[in-house]
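Beneath this line is the structure, given in structure tokens, with notes to follow.
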Amino acid sequence: ADGHLNMAFQATLEVQTSRGTRVAGLIGPCTNLNKTSPSVAEEEVGAGKTCAWALGALSSRTTYGVHLEACGSAEAGRRFVQLITAYQHVAGQHRLRVTTVAHDVAARADPAL
């Protein structure tokens, strides 16, 4: 579009979560940035033990999988996941994109049932 490559460079991704959800890891071409927070799960899936990754270059053909785990309270309610993506556009501008997703969580069923 606009004569530019459909790519982004020097990209980073940070994932923050509300209480009750933790980040287990990221699957895809990335490097762990070793950033800790209460959002980081103990169990590791892919590049885990962090909530931030260096992604290098991004394109429309790049795919990542963020793995989350439920933890803590068994209460029903709304939880949030926020994806913070920073990158350099091919035109040289630095951009920040923040996506927040809300998801409803049902109460855990009684194990006796």
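So you can find residues: chains in the structure tokens are A, B, ... in the order shown, residues in each start at 1, and ligands are numbered from 1 in order.
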Test item: residues at most 10 Å from range 11-17 of chain A, only C-alpha atoms, excluding those fewer than 3 positions along its chain, as a compact mmCIF listing (two decimals) with N, CA and C atoms, in the first residue's frame:
# COMPACT_ATOMS: atom_id res chain seq x y z
N ALA A 8 7.12 -4.66 8.68
CA ALA A 8 7.51 -3.81 9.80
C ALA A 8 8.79 -4.40 10.38
N GLY A 20 -6.15 -13.50 37.16
CA GLY A 20 -6.84 -14.73 36.80
C GLY A 20 -6.40 -15.32 35.47
N THR A 21 -5.59 -14.59 34.72
CA THR A 21 -5.06 -15.06 33.44
C THR A 21 -3.57 -14.75 33.40
N ARG A 22 -2.78 -15.72 32.95
CA ARG A 22 -1.33 -15.51 32.86
C ARG A 22 -0.83 -15.92 31.48
N VAL A 23 0.30 -15.36 31.09
CA VAL A 23 0.94 -15.65 29.81
C VAL A 23 1.87 -16.84 29.99
N GLY A 25 3.41 -18.32 27.23
CA GLY A 25 4.49 -18.21 26.25
C GLY A 25 3.99 -17.79 24.89
N LEU A 26 4.92 -17.72 23.96
CA LEU A 26 4.64 -17.31 22.59
C LEU A 26 5.25 -18.33 21.64
N CYS A 30 10.60 -15.55 17.40
CA CYS A 30 10.76 -14.49 18.40
C CYS A 30 11.95 -14.79 19.30
N THR A 31 12.32 -13.77 20.08
CA THR A 31 13.37 -13.90 21.09
C THR A 31 12.81 -13.41 22.42
N LEU A 33 12.54 -11.62 25.79
CA LEU A 33 13.16 -10.42 26.35
C LEU A 33 13.30 -10.47 27.88
N LYS A 35 11.31 -10.29 30.41
CA LYS A 35 10.59 -9.29 31.21
C LYS A 35 9.60 -10.04 32.10
N SER A 37 6.62 -10.17 35.16
CA SER A 37 5.49 -9.43 35.72
C SER A 37 4.57 -10.45 36.37
N PRO A 38 3.57 -10.00 37.13
CA PRO A 38 2.60 -10.93 37.69
C PRO A 38 1.79 -11.66 36.61
N SER A 39 1.87 -11.19 35.37
CA SER A 39 1.15 -11.82 34.25
C SER A 39 1.86 -13.06 33.70
N VAL A 40 3.06 -13.37 34.18
CA VAL A 40 3.84 -14.48 33.63
C VAL A 40 3.52 -15.78 34.37
N THR A 50 8.28 -15.03 30.38
CA THR A 50 8.36 -13.61 30.10
C THR A 50 7.00 -13.12 29.60
N CYS A 51 6.85 -11.81 29.54
CA CYS A 51 5.64 -11.23 28.94
C CYS A 51 6.00 -10.32 27.77
N ALA A 52 7.29 -10.36 27.31
CA ALA A 52 7.72 -9.52 26.20
C ALA A 52 8.71 -10.26 25.31
N TRP A 53 8.60 -10.02 24.00
CA TRP A 53 9.43 -10.70 23.02
C TRP A 53 9.87 -9.72 21.93
N ALA A 54 11.06 -9.95 21.38
CA ALA A 54 11.50 -9.26 20.18
C ALA A 54 11.07 -10.12 19.00
N LEU A 55 10.40 -9.51 18.04
CA LEU A 55 9.85 -10.25 16.91
C LEU A 55 10.67 -10.07 15.64
N GLY A 56 11.54 -9.09 15.61
CA GLY A 56 12.30 -8.82 14.39
C GLY A 56 11.39 -8.19 13.35
N ALA A 57 11.26 -8.83 12.21
CA ALA A 57 10.42 -8.30 11.14
C ALA A 57 9.02 -8.92 11.19
N LEU A 58 8.03 -8.14 10.81
CA LEU A 58 6.64 -8.62 10.70
C LEU A 58 6.17 -8.44 9.28
N VAL A 66 -0.11 -16.77 21.11
CA VAL A 66 0.08 -16.43 22.52
C VAL A 66 -0.66 -17.47 23.34
N LEU A 68 -2.09 -18.72 26.88
CA LEU A 68 -2.52 -18.20 28.17
C LEU A 68 -2.96 -19.34 29.07
N ARG A 79 -12.36 -10.93 32.12
CA ARG A 79 -10.91 -10.79 32.19
C ARG A 79 -10.41 -10.13 30.91
N PHE A 80 -9.20 -9.60 30.99
CA PHE A 80 -8.66 -8.85 29.87
C PHE A 80 -7.27 -9.31 29.49
N VAL A 81 -6.97 -9.25 28.19
CA VAL A 81 -5.63 -9.50 27.67
C VAL A 81 -5.29 -8.31 26.78
N GLN A 82 -4.11 -7.74 27.00
CA GLN A 82 -3.69 -6.59 26.21
C GLN A 82 -2.40 -6.93 25.47
N LEU A 83 -2.43 -6.73 24.15
CA LEU A 83 -1.28 -6.97 23.28
C LEU A 83 -0.71 -5.61 22.88
N ILE A 84 0.55 -5.36 23.24
CA ILE A 84 1.20 -4.08 22.96
C ILE A 84 2.30 -4.35 21.94
N THR A 85 2.09 -3.90 20.72
CA THR A 85 3.03 -4.14 19.63
C THR A 85 3.69 -2.84 19.21
N ALA A 86 5.00 -2.79 19.26
CA ALA A 86 5.76 -1.63 18.81
C ALA A 86 6.63 -2.06 17.64
N TYR A 87 6.73 -1.20 16.61
CA TYR A 87 7.53 -1.56 15.44
C TYR A 87 7.92 -0.30 14.66
N GLN A 88 8.84 -0.49 13.73
CA GLN A 88 9.23 0.59 12.84
C GLN A 88 8.65 0.29 11.46
N HIS A 89 7.85 1.22 10.95
CA HIS A 89 7.26 1.12 9.62
C HIS A 89 8.37 1.26 8.59
N HIS A 94 8.16 5.15 13.89
CA HIS A 94 7.95 4.17 14.95
C HIS A 94 6.48 4.20 15.32
N ARG A 95 5.87 3.02 15.42
CA ARG A 95 4.44 2.92 15.70
C ARG A 95 4.19 2.01 16.89
N LEU A 96 3.10 2.30 17.57
CA LEU A 96 2.68 1.51 18.72
C LEU A 96 1.22 1.15 18.51
N ARG A 97 0.92 -0.13 18.57
CA ARG A 97 -0.46 -0.61 18.44
C ARG A 97 -0.82 -1.36 19.71
N VAL A 98 -1.95 -1.01 20.29
CA VAL A 98 -2.41 -1.67 21.50
C VAL A 98 -3.78 -2.26 21.22
N THR A 99 -3.90 -3.57 21.47
CA THR A 99 -5.16 -4.28 21.28
C THR A 99 -5.56 -4.87 22.62
N THR A 100 -6.77 -4.56 23.07
CA THR A 100 -7.28 -5.10 24.33
C THR A 100 -8.47 -5.99 24.03
N VAL A 101 -8.43 -7.20 24.55
CA VAL A 101 -9.49 -8.18 24.33
C VAL A 101 -10.11 -8.53 25.67
N ALA A 102 -11.43 -8.46 25.75
CA ALA A 102 -12.15 -8.86 26.96
C ALA A 102 -12.74 -10.25 26.71
Atomic separation - CA of Ile27 in chain A relative to CA of His67 in chain A, Å:
7.8 Å
Give me every strand (DSSP E or B) residue in chain A, going by DSSP on the backbone, as a PyMOL selection string.
chain A and resi 7-17+21-27+31-32+40+47+52-59+65-70+77-89+94-105
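If you measure from each of A:Asp104, A:Ala24, A:Met7, A:Gly48 to Gly92 in chain A using only C-alpha atoms, the closest one turns out to be A:Met7.
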Identify which of the residues A:Ala70, A:Lys49, A:Asn32, A:Arg61 lies closest to Ala106 in chain A, counting only C-alpha atoms when measuring atom-to-atom distances.
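Using only C-alpha atoms, Ala106 in chain A sits closest to A:Ala70.
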